[in-house]
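Notes follow the structure.
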Amino acid sequence: MNVLKGRSTRAWTGFAGAAVLLFAVAPVALSDFRLGLLAKYLCMAMVAVGICLAWGRGGLLTLGQGVFFGLGGYAMAMHLKIADAGPGNLPDFMQLYGTATELPWWWKPFESPVLALAATILLPMTVAALLGLFIFRRRVKGAYFAILSQALASAFAIWLVGQQATTGGTNGLTDIQGFFGYDLNDPVNQRMVYFVIAAALLLLMLLARQLIHSRYGELLVAVRDSEERVRFLGYDPANVKLVAYVVAAGMAGLAGALFVPAVGIISPALIGIVPSIEFVIGAAVGGRASLVGAVLGAIAVAWAKTALSEEFPAAWTYFQGLLFVVALAFLPGGLASLTKVVRRRRSARTEQTAPVVPVGEAA
Amino acid sequence: MTVILGQTFTGISIGAVLLLIALGLSLTFGQMNVINMAHGEFIMAGAYTTYVLQKSISSAGISLLVALPVAFLVSGALGALLEWLLIRRLYLRPLDTLLVTWGVSLMLQQLARDIFGAPNVQTRAPDALTGNLTLIGGDDPLTVATSRLFILGLAIAAVVALSLTLRLTPLGRRIRAVVQNRDLAEVSGISTSRVDRTAFFIGSGLAGVAGVALTLVGPIGPTMGTNVIIDAFLVIVVGGIGQLKGSVIVAFVLGVLQSVLEYSTTVSVAKVLVLVAIVAFLQWRPQGLYTLRTRSLV
Amino acid sequence: MSSGSPILRRRFLAGGAALAAVVALSACGAKTDAAGSSSDKAAKIDVSGDTVKVGLLNSLSGTMAISEVTVRNSLLLAIDEINASGGVLGKKIKPISEDGASDWPTFAEKATKLIKEDQVAATFGCWTSASRKAVKPVFEKNKSLLFYPVQYEGLEESPYIFYTGATTNQQIVPALDYLKSQGKKKLYLVGSDYVFPRTANKEIKAYAEANGMTILGEDYAPLGSTEFSTIANKVKASKADAVFNTLNGDSNVAFFKEYKSAGLTASSMPVVSVSIAEEEVKSIGPQYLAGQLTAWNYYQTTPGEANEKFVAAYKAKYGEDKPTSDPMEAAYTSVYLWAAMVEKAKSFDPEKVRAASDGITFDAPEGKVTVDGASQHIYKTARIGRIGTDGLITEVWNSGKPVKPDPFLKGYSWASGLS
């Protein structure tokens, strides 16, 4: 009990600290432009929360998070494009590229703000549930699951590109002006979007923390470490994994939805294989099994990409590649395990238990 | 009728390219369970080897033939180096290798850009490999591209060589032993680390050979590897890990499927349909077409 | 799935409520502000000191790097030359490079960075239409200038973009006119799957319908696709008179290799390409391309003193084996045009530069170009070229005089249904 209490107190202090940083310090310390970038990084971090749950805790290497991010993003962007166009009008790109005179039937539901908002989370979750139902029942796992996820991400991106008249093709949905009646060109409203994103991230972290410390969380780790043992104990590992996968998908969907007003664009370039790997890499660098590690890792990797490419526009990919290699090859628990490594070295007593290096494998 | 025959051959030739780029992976991924995202860059290294050799060997035909073994060595050496530097630390974490080698692939692409320049480079193909052969003459002739025939031949030769190596040589026996039971192989006196490195050398070398072949049909540039890598992984996954014959069958089936769908729909739709078909297939046979029987539960 | 302890749960609820309150508050604050004023501030330009900054926004990594790096090279060449002759309004130009990384949202991010953080006077770059569409709202919102150097599909105008490449009626329409004059009536369209080819093909189909031509087929391959054997088969089976090719980048290499393997030649079924310039010819190989047609406004072989100087300077700076091409020339020209506009306006202020733009001329390597202030496009001479065995392109036809830009094709009755 004491341990639990100590952990909980520390968590709440950290949480309060993060809230102060995000809500009070960052808006003052950063220029509008940098705050906008931070909003984008926080969206990446929201995806990382889900990845921490599904991969770090559940051992599912979700290399297709781009699909769910994209579903959420497109659901939001479709509504905002319809709203920008005004009642009775078609979104600008449809007038330019399309031949239709009215909205395609599958755009219709997104006219309603409530349905669109719900869809940003429910659509990815439904797709994940359907996929997961098949995939986990058939015990597809490890490398198979990873490659399968990539294939799906790639297929979704190619499909979107092919439908220029109704999805904007490679361009994606661009030039988003308003956000539920607020003018996004106004820096004040950009700031509001940032606050919404920061709040959403903290909420998702709370939710994930609840899940991780629940009995379900224990079960999830048990599935990761020995699926067969859990099966013999009478649980169905497929269901346990499915929940983590669906929750992670919902989080990625919400992140995609909030990315749209923050950046003003959603395109297939954010969905394919490369972005899907980048989502995972942030969490891996920070420490996949640690919630804080994954979130900070995602922010740090996204920030490093911006900073390195601004500083060395012609050579930054060397540094980015090197960062991944060094962090992942030599620090398997991510940056979050640095503190553990240091602490273990400092307290030089011999440990009975093997060092717990979280490894999200189910190969 | 010629359309059907023509598309079937086209499909087989697409399959041959797929097979060639996936063959190396069948060793590194299929046998050793290493998801090497830099495999595409080893293909790129093979293609650039051809380009460099052509600068000193003026005959396109001879330089192509010389490039095959040289590219095998160059890419193989790169692969062995990668194995020694990074991958051997990651054998117990197979999915981490994916992310680490992704970082390596980013660096290798940038390296290619800095050495050879960002634009694509050009290699000359021997004249015999830029034309076609007429199989059925007449009004609606059926022709096949000689470059594709060459690639088909090369793919078959590579498969035969690889399976003979695995089946008949002492090295092949050791590789199979390590694949089937690493611990047992180790206690039987096989140096598993040396076997791993050799297998990685061969697998990466085959990527180099594929790179030489790709100069005949596609672009030679820094991102050429990323264009093909996922297709190659899919071939292995659907074929079944640890089995050569699965990959061979799947490569040709996917090739024909792609070409037939492409002819009747569009490239994008065909690609999406093929990917969906793969996902559906894995529902049916989650371990791929052929599986290695083991007693392991996981 | 019960949560740990009741205490934890209560705290969780409290935390959630507090957060919800924060969100509500921030939302309220924003609403009143939004009603009050919408920001109409133009971006600041940093003109302190003896330099003026300009942004270079090109993909230096990713698939588009193969083309965009050469554009950056020629932008740098123009900046060096202008600086060597005294700069603009007495200030030296300082280029700030950013990598668009072949990724459209990154283009938007870097454009914002150049405008807001570096406070550049103007930005040069972008290649694909998708990247231009992604940055267009950024430049409009911040009232900053973009000079876009690549031929594109038309049907666009923006007060903050100058288009120094060809619009449709300076490239595609003349190419179609040329095919028509050569008696090519049946066309096959091949393109990459993105905005430019799809829009261009829509225009081509409208033209064909009005001019008694037939389109036998239309195929798109995903960007970066390198498997063209089926498309080559389809083209061959169609028995078309000519192919109109709007493929981009890597795909061209695979397409032409397959085209030749299928036994199709420039004499039996010529291909007119609108995205293959000297740089691409070099990477595909004249072996596969000799005799094929291209449509541009500039070739390395275009006669004239300005071009000789440009080609010599480029080769001196980047290497004897480096060719020059239309987009590179348009990029080079765009820097000179901007400098001339600034000199005329006597200010770096985008609004004043725009106002001064009409009628600005420059003796560009492609010949004399004039800025059309109304559309912010430029008058350009259309040129059809044939690729030679030496990898250079020689002109076989030109429009005689610079063509007035008509991005919305208002002067063409067949195009009335397009925009």
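Following the order of the structure tokens, first chain is A, next is B, and so on, with residues numbered from 1 inside each chain and ligands from 1 in the order they appear.
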**Request:** Please report as an MDAnalysis selection string which residues of chain A come no farther than 8 Å from chain B, using only C-alpha atoms.
**Result:** chainID A and resid 61 134:135 138:140 142:144 147:148 150:152 155:156 158:159 162 227:228 277 281 315 317:318 320:325 328:329 359 361:363
What does the file look like for those residues with C-alpha atoms, as a PDB file, in the first residue's frame?
```pdb
ATOM      1  CA  LEU A  61       4.381  -3.736 -32.760  1.00  0.00           C
ATOM      2  CA  PHE A 134      -9.426 -11.364 -37.320  1.00  0.00           C
ATOM      3  CA  ILE A 135      -5.735 -10.874 -36.750  1.00  0.00           C
ATOM      4  CA  ARG A 138      -5.802 -16.194 -35.972  1.00  0.00           C
ATOM      5  CA  ARG A 139      -2.798 -15.604 -33.727  1.00  0.00           C
ATOM      6  CA  VAL A 140      -0.928 -13.479 -36.238  1.00  0.00           C
ATOM      7  CA  GLY A 142       5.426 -10.672 -34.063  1.00  0.00           C
ATOM      8  CA  ALA A 143       7.010  -9.869 -37.366  1.00  0.00           C
ATOM      9  CA  TYR A 144       3.899 -10.964 -39.249  1.00  0.00           C
ATOM     10  CA  ILE A 147       4.592  -6.338 -41.767  1.00  0.00           C
ATOM     11  CA  LEU A 148       0.829  -6.746 -42.067  1.00  0.00           C
ATOM     12  CA  GLN A 150       2.712  -1.786 -42.851  1.00  0.00           C
ATOM     13  CA  ALA A 151       0.935  -3.346 -45.794  1.00  0.00           C
ATOM     14  CA  LEU A 152      -2.347  -1.879 -44.558  1.00  0.00           C
ATOM     15  CA  ALA A 155      -2.690   0.243 -49.088  1.00  0.00           C
ATOM     16  CA  PHE A 156      -4.695   2.976 -47.371  1.00  0.00           C
ATOM     17  CA  ILE A 158      -2.348   4.418 -52.132  1.00  0.00           C
ATOM     18  CA  TRP A 159      -6.135   4.256 -52.093  1.00  0.00           C
ATOM     19  CA  GLY A 162      -6.061   7.356 -56.211  1.00  0.00           C
ATOM     20  CA  GLU A 227       0.846 -15.518 -24.172  1.00  0.00           C
ATOM     21  CA  GLU A 228       0.570 -19.262 -23.731  1.00  0.00           C
ATOM     22  CA  ILE A 277       7.497   3.975 -38.445  1.00  0.00           C
ATOM     23  CA  ILE A 281      10.355   5.348 -33.188  1.00  0.00           C
ATOM     24  CA  ALA A 315      22.725  16.418 -43.793  1.00  0.00           C
ATOM     25  CA  THR A 317      19.084  12.568 -41.988  1.00  0.00           C
ATOM     26  CA  TYR A 318      22.534  11.320 -40.898  1.00  0.00           C
ATOM     27  CA  GLN A 320      18.353  11.364 -37.332  1.00  0.00           C
ATOM     28  CA  GLY A 321      19.450   7.902 -38.431  1.00  0.00           C
ATOM     29  CA  LEU A 322      22.277   7.905 -35.915  1.00  0.00           C
ATOM     30  CA  LEU A 323      19.925   8.899 -33.135  1.00  0.00           C
ATOM     31  CA  PHE A 324      17.658   5.934 -33.858  1.00  0.00           C
ATOM     32  CA  VAL A 325      20.550   3.518 -34.121  1.00  0.00           C
ATOM     33  CA  LEU A 328      17.657   1.639 -29.903  1.00  0.00           C
ATOM     34  CA  ALA A 329      20.702  -0.568 -30.270  1.00  0.00           C
ATOM     35  CA  VAL A 359      11.205  -5.631 -24.272  1.00  0.00           C
ATOM     36  CA  GLU A 361       8.520  -8.682 -28.265  1.00  0.00           C
ATOM     37  CA  ALA A 362       6.234 -11.526 -29.025  1.00  0.00           C
ATOM     38  CA  ALA A 363       8.233 -13.139 -31.755  1.00  0.00           C
TER      39      ALA A 363
END
```
**Message:** Quick check for you: according to DSSP on this backbone, which residues of stretch 188-281 of chain C are classed as alpha helix (DSSP H)? Reply as a PyMOL selection string.
**Reply:** chain C and resi 195-210+229-238+250-261+278-281
**Asked** What is the distance between atom CA of B:Ala80 and atom CA of B:Thr28, in Å to one decimal?
**Response** 11.1 Å
**Request:** Give me, please, the distance in Å between atom CA of C:Glu366 and atom CA of C:Ala84, quoted to one decimal.
**Result:**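 We find that atom CA of C:Glu366 and atom CA of C:Ala84 lie 22.3 Å from each other.
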For the interface of chain B with chain C (cut-off 7 Å, counting only C-alpha atoms), please tabulate each contacting residue of chain B alongside its nearest pair of atoms and their separation in Å to one decimal, rows sorted by chain and increasing number, as a tab-separated table.
```
residue	atom	partner	partner_atom	distance
B:Thr10	CA	C:Ser229	CA	6.4
B:Ala118	CA	C:Ile66	CA	4.8
B:Pro119	CA	C:Ile66	CA	3.8
B:Asn120	CA	C:Ser283	CA	5.1
B:Val121	CA	C:Ser283	CA	4.6
B:Gln122	CA	C:Ser283	CA	4.5
B:Thr130	CA	C:Ser261	CA	5.3
B:Gly131	CA	C:Ser261	CA	4.7
B:Asn132	CA	C:Ser261	CA	5.6
B:Ala145	CA	C:Ser261	CA	5.1
B:Val217	CA	C:Ala254	CA	5.6
B:Gly218	CA	C:Ala254	CA	4.3
B:Pro219	CA	C:Val253	CA	5.2
B:Thr223	CA	C:Thr63	CA	6.1
B:Asn227	CA	C:Gly224	CA	6.9
B:Ser259	CA	C:Thr230	CA	6.1
B:Glu262	CA	C:Thr230	CA	6.8
B:Tyr263	CA	C:Thr230	CA	6.4
B:Thr266	CA	C:Asp219	CA	6.7
B:Val267	CA	C:Ala221	CA	5.5
B:Ser268	CA	C:Pro222	CA	6.3
```
Residues from last step as file, N, CA and C atoms, as a short mmCIF file (atom, residue, chain, number, x, y, z; two decimals), in the first residue's frame:
```cif
data_model
loop_
_atom_site.label_atom_id
_atom_site.label_comp_id
_atom_site.auth_asym_id
_atom_site.auth_seq_id
_atom_site.Cartn_x
_atom_site.Cartn_y
_atom_site.Cartn_z
N THR B 10 4.08 -11.09 -68.41
CA THR B 10 4.41 -9.88 -67.67
C THR B 10 4.37 -10.16 -66.17
N ALA B 118 22.26 13.82 -55.76
CA ALA B 118 20.85 13.52 -55.51
C ALA B 118 20.13 12.98 -56.74
N PRO B 119 20.43 13.47 -57.96
CA PRO B 119 19.68 12.95 -59.12
C PRO B 119 20.01 11.48 -59.37
N ASN B 120 19.09 10.81 -60.05
CA ASN B 120 19.33 9.43 -60.45
C ASN B 120 20.54 9.37 -61.36
N VAL B 121 21.19 8.22 -61.42
CA VAL B 121 22.29 8.05 -62.36
C VAL B 121 21.86 7.05 -63.43
N GLN B 122 22.67 7.01 -64.47
CA GLN B 122 22.30 6.22 -65.63
C GLN B 122 23.30 5.09 -65.85
N THR B 130 17.78 -4.62 -74.41
CA THR B 130 16.82 -3.52 -74.46
C THR B 130 15.70 -3.82 -75.44
N GLY B 131 15.77 -4.93 -76.10
CA GLY B 131 14.75 -5.23 -77.11
C GLY B 131 13.78 -6.29 -76.63
N ASN B 132 13.21 -7.01 -77.58
CA ASN B 132 12.29 -8.08 -77.20
C ASN B 132 12.36 -9.22 -78.19
N ALA B 145 10.09 -9.07 -73.31
CA ALA B 145 11.28 -8.23 -73.19
C ALA B 145 12.48 -9.08 -72.82
N VAL B 217 15.72 -2.37 -65.52
CA VAL B 217 14.30 -2.04 -65.66
C VAL B 217 13.88 -0.79 -64.90
N GLY B 218 14.69 -0.30 -63.99
CA GLY B 218 14.20 0.82 -63.18
C GLY B 218 15.25 1.88 -62.94
N PRO B 219 14.90 2.87 -62.12
CA PRO B 219 15.81 3.97 -61.84
C PRO B 219 16.91 3.56 -60.87
N THR B 223 16.72 6.58 -53.45
CA THR B 223 15.53 6.03 -52.81
C THR B 223 15.01 4.77 -53.50
N ASN B 227 11.54 1.87 -52.47
CA ASN B 227 10.41 1.58 -53.35
C ASN B 227 10.03 0.11 -53.36
N SER B 259 -0.32 -8.12 -62.30
CA SER B 259 -0.38 -7.73 -63.71
C SER B 259 -1.79 -7.92 -64.29
N GLU B 262 -3.96 -5.19 -62.83
CA GLU B 262 -3.55 -3.91 -63.37
C GLU B 262 -4.11 -3.72 -64.76
N TYR B 263 -4.14 -4.81 -65.52
CA TYR B 263 -4.63 -4.70 -66.88
C TYR B 263 -6.12 -4.39 -66.88
N THR B 266 -6.73 -0.27 -62.54
CA THR B 266 -5.63 0.67 -62.63
C THR B 266 -4.53 0.21 -61.68
N VAL B 267 -3.36 0.85 -61.82
CA VAL B 267 -2.23 0.43 -61.00
C VAL B 267 -2.57 0.55 -59.53
N SER B 268 -3.16 1.71 -59.14
CA SER B 268 -3.45 1.94 -57.72
C SER B 268 -4.43 0.90 -57.20
#
```
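Distances from A:Asp175, A:Glu278, A:Asp236, A:Asp183 to C:Pro137 were compared using only C-alpha atoms, and the smallest one belongs to A:Asp175.
For the pair atom CA of C:Val47 and atom CA of C:His377, the interatomic distance is 26.7 Å.
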**Request:** Find the residues of chain A in contact range of chain C, meaning any atom within 6 Å when counting only C-alpha atoms, and list them as a list in words.
**Result:**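 Taken together, these residues fit the definition: Thr170, Asn171, Asp175, Asp186, Val188, Asn189, Met192, Val196, Ser214, Arg215, Tyr216 and Pro313 of chain A.
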Export of prior selection with C-alpha atoms as an mmCIF file, in the first residue's frame:
```
data_model
loop_
_atom_site.group_PDB
_atom_site.id
_atom_site.type_symbol
_atom_site.label_atom_id
_atom_site.label_comp_id
_atom_site.auth_asym_id
_atom_site.auth_seq_id
_atom_site.Cartn_x
_atom_site.Cartn_y
_atom_site.Cartn_z
ATOM 1 C CA THR A 170 -1.753 13.350 -52.903
ATOM 2 C CA ASN A 171 -2.516 16.915 -51.882
ATOM 3 C CA ASP A 175 -6.105 25.134 -46.579
ATOM 4 C CA ASP A 186 -6.108 34.172 -35.740
ATOM 5 C CA VAL A 188 -5.453 33.504 -30.433
ATOM 6 C CA ASN A 189 -7.412 30.614 -31.860
ATOM 7 C CA MET A 192 -6.751 27.689 -28.173
ATOM 8 C CA VAL A 196 -7.096 21.703 -26.414
ATOM 9 C CA SER A 214 -5.606 -1.822 -13.474
ATOM 10 C CA ARG A 215 -5.972 -5.593 -13.442
ATOM 11 C CA TYR A 216 -6.314 -5.389 -17.176
ATOM 12 C CA PRO A 313 19.115 21.019 -44.073
#
```
**Asked** How would you write, as a PyMOL selection string, the set of residues in stretch 82-237 of chain B that DSSP gives as strand (DSSP E)?
**Response** chain B and resi 132-136+142-145
**Nearest-residue call for A:Ser276, choices A:Ser31, A:Gln177, A:Thr62, A:Ser112, using only C-alpha atoms** =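 The shortest atom-to-atom distance to A:Ser276 comes from A:Thr62.
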**Asked** Excluding same-chain residues fewer than 6 positions from stretch 148-153 of chain C, what lies within 6 Å of it counting only C-alpha atoms, as a VMD selection string?
**Response** chain C and resid 125 127 163 to 168 196 200 327 330 to 331
